[in-house]
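Here is the structure we will look at, set down as structure tokens.
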Amino acid sequence: MSKNLTSRAEDYSKWYNELVVKADLAENSAVRGCMVIKPYGYAIWEKMQAELDRMFKETGHQNAYFPLFVPKSLFEAEEKNAEGFAKECAVVTHYRLQNDPDNPGKLRVDPEAKLEEELVVRPTSEAIIWNTYKGWIQSYRDLPILINQWANVVRWEMRTRLFLRTAEFLWQEGHTAHATKAEAIAEAEQMNDVYAEFAENFMAIPVIKGVKTESERFAGAVDTYCIEALMQDGKALQAGTSHFLGQNFAKAFDVKFTNNEGKLDHVWATSWGVSTRLMGALIMTHSDDKGLVLPPNLAPSQVVIVPIYKTDEQLEVIKEKANTIIKELKTLGVSCKLDARTTHRPGAKFAQHELQGVPLRIAIGQRDLDNGTVELARRDTLTKEIVKMDNLVSTVETLLKTIQNELFSKALNFRDTHITEVDDFETFKTVLESKTGFISAHWDGTAETEQKIKELTKATIRCIPMDVKKEAGECVFTGKPSTNRVLFAKAY
RNA sequence: CGGGGUGUAGCGUAGCCCGGUUAUCGCGCCACGUUUGGGACGUGGAGGCCGCAGGUUCGAAUCCUGCCACCCCGACCA
């Protein structure tokens with residue numbers, strides 16, 4: 001492990017890549033574009049999963065599991081969805097290998113073992129799920145179906161980056177079926193709200209809730225709701241999406257039900273997902289040049305205790321003290337570990353825990369034993385204070401809440417000061433290049449204008465905010481009339 | 001898939017142009033000792049199919065050909 005991280009100012013992208021690897025979150029694997037999520041990174045993902053899973057269940061959803069493979073004929077049923085994902089699908093064509101007669105010790109695909117029908121490795125599961133739902137739904141009494149699955153999906157991306165874009169990623173995908181349009185829309189909006197609440201309260205990432213324009217919409221959706229976050233380099237990151245699918249999938253898979261008036265109708269659908277990309281959002285929102293900064297809610301260990309000792313006897317006394325603290329913190333629901341490794345010196349431990357973003361660090365040495373104190377250090381502000389042992393546990397508890405709140409406030413302040421209202425295209429370009437962040441501007445509502453702006457500036461419309469206010473104006477590019485502003489940004 | 005670049009120990013690298021002793025240095029690793037309140041120091045040690053396969057040559061990390069992998073820039077994207 002080399003000592004210093006590349007600074008954000010020097011090379012933001014390099015900083016990110018190094019941080020992910022050095023903080024032991026993930027690394028590239030032998031499989032092109034696929035990552036290995038290491039235990040520390042996975043522990044953070046598990047924290048996210050646990051909270052999201054709780055929230056899904058609280059809103060009435062159940063978990064289930066559907067197959068990894070989708071027969072090609074099912075996959076192509078919903079045309080727009082199929083077309084949207086076709087270019088990035090991995091496809092299974094054979095089911096057997098054999099010894100290669102021309103290359104001893106090597107295997108080859110058995111040409112005799114070609115599948116009758118190719119299997120698409122799911123890039124998303126609407127097809128297989130709606131084909132299944134068809135058998136489950138006859139009456140309005142079978143509705144709604146509120147299901148989520150935790151799974152991996154594969155999208156054969158050309159250029160990948162750890163967590164932000166990998167060929168295989170972990171996610172959850174909710175797939176619901178409803179008797180009415182209104183109910184499905186309400187569900188899609190509700191789940192987008194759940195994502196926003198999770199991002200803000202749990203990850204301390206402020207997000208803007210909005211609706212996608214037609215060109216940014218999920219393939220096969222009628223409307224795509226999203227939460228958009230702003231990273232420290234001024235680029236936007238789509239952190240979650242929730243789709244109102246209308247009756248598109250019900251029609252494609254012929255899923256009809258009899259409503260309470262005895263009439264046949266197609267079922268209304270939603271789907272919604274967040275992925276391991278959230279790890280990327282987390283890293284790029286809070287971390288600094290010393291490494292990861294974790295909000296207490298997501299830290300595998302919220303507190304770490306580093307003993308400072310000269311003799312074995314001292315270490316034993318400190319360990320005892322530490323274990324008492326750990327026990328007390330545990331009763332308050334605070335996770336704390338003791339770093340009693342004798343193989344590393346305190347300075348190295350300090351640096352490592354900072355790199356890995358542990359929110360609070362307690363150092364205990366002889367000086368503290370004599371004075372009945374400890375040294376308490378915050379990761380987010382890098383400040384230290386001496387705390388009386390008697391007050392320690394309650395101080396820690398309060399401080400963790402403070403850190404969680406302050407991380408959010410800090411990110412919120414950054415985000416809010418990086419939304420710029422712009423009314424002409426020259427300023428649009430200048431702001432995008434110099435100040436960066438979101439640009440709030442009028443748009444004439446056409447895909448052509450959106451496309452043109454993208455070509456000229458690389459900025460896309462991230463969303464039309466849910467709370468957008470009606471305001472007559474002129475399109476920043478064409479000057480045509482517009483009724484509200486939309487948010488543009490360069491995005492990940 | 002188009003344009004550019006790079007492959008030498010676990011990581012980062014020197015050497016390559018101009019072929020010639022035992023392939024350089026740093027980090028990391030191992031052992032012992034001294035250390036331990038911000039990334040310790042000393043001494044000793046281990047670790048290399050020089051990306052892969054051919055070719056040229058008395059001799060190849062170095063020259064030639066082919067292949068593979070990775071990185072950067074474009075088109076694609078949670």
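Please note that chains go A, B, ... in the order of the structure tokens, that every chain numbers its residues from 1, and that ligands are numbered from 1 in the order shown.
For chain A, the residues within 6 Å of chain B are A:Arg345, A:Gly347, A:Ala348, with only C-alpha atoms (C1' of nucleotides) used to measure distance.
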Quick one: residues within 12 Å of A46 (chain B), only C-alpha atoms (C1' of nucleotides) counted, chain neighbours fewer than 2 positions away excluded, as an NGL selection string?
-> :B and (9 or 29-31 or 44)
For the selection just defined, write its residues with N, CA, C and O atoms (P, O5', C5', C4', C3', O3' and C1' of nucleotides) to a file, as a PDB file, in the first residue's frame.
ATOM      1  P     A B   9       7.144  -7.943 -12.992  1.00  0.00           P
ATOM      2  O5'   A B   9       7.863  -8.817 -11.870  1.00  0.00           O
ATOM      3  C5'   A B   9       7.541 -10.192 -11.707  1.00  0.00           C
ATOM      4  C4'   A B   9       7.638 -10.589 -10.259  1.00  0.00           C
ATOM      5  C3'   A B   9       6.789  -9.773  -9.307  1.00  0.00           C
ATOM      6  O3'   A B   9       6.296 -10.609  -8.263  1.00  0.00           O
ATOM      7  C1'   A B   9       9.027  -9.635  -8.649  1.00  0.00           C
ATOM      8  P     C B  29       4.834  -5.426   4.799  1.00  0.00           P
ATOM      9  O5'   C B  29       5.283  -6.824   4.173  1.00  0.00           O
ATOM     10  C5'   C B  29       4.326  -7.699   3.597  1.00  0.00           C
ATOM     11  C4'   C B  29       5.007  -8.950   3.118  1.00  0.00           C
ATOM     12  C3'   C B  29       5.889  -9.639   4.156  1.00  0.00           C
ATOM     13  O3'   C B  29       5.128 -10.456   5.020  1.00  0.00           O
ATOM     14  C1'   C B  29       7.057  -9.478   2.114  1.00  0.00           C
ATOM     15  P     C B  30       5.458 -10.492   6.581  1.00  0.00           P
ATOM     16  O5'   C B  30       6.710 -11.482   6.593  1.00  0.00           O
ATOM     17  C5'   C B  30       6.560 -12.844   6.218  1.00  0.00           C
ATOM     18  C4'   C B  30       7.903 -13.520   6.276  1.00  0.00           C
ATOM     19  C3'   C B  30       8.683 -13.294   7.570  1.00  0.00           C
ATOM     20  O3'   C B  30       8.256 -14.166   8.595  1.00  0.00           O
ATOM     21  C1'   C B  30      10.106 -12.940   5.730  1.00  0.00           C
ATOM     22  P     A B  31       8.347 -13.690  10.139  1.00  0.00           P
ATOM     23  O5'   A B  31       9.920 -13.816  10.363  1.00  0.00           O
ATOM     24  C5'   A B  31      10.544 -15.099  10.404  1.00  0.00           C
ATOM     25  C4'   A B  31      12.003 -14.933  10.737  1.00  0.00           C
ATOM     26  C3'   A B  31      12.283 -14.078  11.973  1.00  0.00           C
ATOM     27  O3'   A B  31      12.162 -14.834  13.161  1.00  0.00           O
ATOM     28  C1'   A B  31      13.683 -13.398  10.202  1.00  0.00           C
ATOM     29  P     G B  44      23.384  -6.064   5.917  1.00  0.00           P
ATOM     30  O5'   G B  44      22.666  -7.479   5.898  1.00  0.00           O
ATOM     31  C5'   G B  44      23.377  -8.635   6.361  1.00  0.00           C
ATOM     32  C4'   G B  44      22.413  -9.775   6.591  1.00  0.00           C
ATOM     33  C3'   G B  44      21.663 -10.296   5.364  1.00  0.00           C
ATOM     34  O3'   G B  44      22.463 -11.139   4.548  1.00  0.00           O
ATOM     35  C1'   G B  44      20.157 -10.057   7.160  1.00  0.00           C
TER      36        G B  44
END
Tell me which protein, DNA and RNA residues are within 9 Å of region 51-61 of chain B, counting only C-alpha atoms (C1' of nucleotides), leaving out same-chain ones fewer than 3 positions away, and put them as a list of chain:residue names.
->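 Selected residues are B:G7, B:U8, B:G15, B:C16, B:G19, B:G20, B:A23, B:C64, B:U65, B:G66, B:C67, B:C68, B:A69.
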Can you pull out every residue within 9 Å of region 9-20 of chain A, counting only C-alpha atoms (C1' of nucleotides), but drop anything in the same chain fewer than 2 positions away, and send it as a ChimeraX atom specification?
-> /A:5-7,22-27,41,161-163,232-233,280,283-284,287,289-292,355-356
Limited to C-alpha atoms, could you put the picked residues into a file as a CSV table (one decimal), in the first residue's frame?
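What ended up in part-v7.csv:
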chain,number,residue,atom,x,y,z
A,5,LEU,CA,-3.8,8.8,-2.3
A,6,THR,CA,-3.8,11.0,-5.5
A,7,SER,CA,-5.7,14.1,-4.5
A,22,LYS,CA,-6.8,1.1,-1.3
A,23,ALA,CA,-9.7,1.2,1.1
A,24,ASP,CA,-10.2,-2.5,0.3
A,25,LEU,CA,-13.7,-2.0,-1.1
A,26,ALA,CA,-13.3,-3.8,-4.4
A,27,GLU,CA,-10.8,-4.7,-7.1
A,41,GLY,CA,-16.9,-3.1,0.6
A,161,ARG,CA,-15.4,1.5,-13.6
A,162,LEU,CA,-15.5,-0.2,-10.2
A,163,PHE,CA,-19.0,0.2,-8.7
A,232,GLN,CA,-17.9,16.4,-5.6
A,233,ASP,CA,-16.5,16.9,-9.1
A,280,GLY,CA,-19.9,4.8,-6.0
A,283,ILE,CA,-17.6,7.3,-2.0
A,284,MET,CA,-17.9,10.4,-4.3
A,287,SER,CA,-14.8,11.1,0.9
A,289,ASP,CA,-8.0,13.2,0.1
A,290,LYS,CA,-7.2,11.0,3.1
A,291,GLY,CA,-9.7,8.4,2.0
A,292,LEU,CA,-13.2,7.1,2.6
A,355,LEU,CA,-8.5,5.5,4.7
A,356,GLN,CA,-11.3,3.2,5.4
Every residue of region 30-105 of chain A that DSSP places in alpha helix (DSSP H), as a VMD selection string | chain A and resid 39 to 58 72 to 75 79 to 86
Could you check which of A:Ile128, A:Ala269, A:Leu400, A:Val153 is closest to Ala188 (chain A), using only C-alpha atoms?
-> A:Ala269
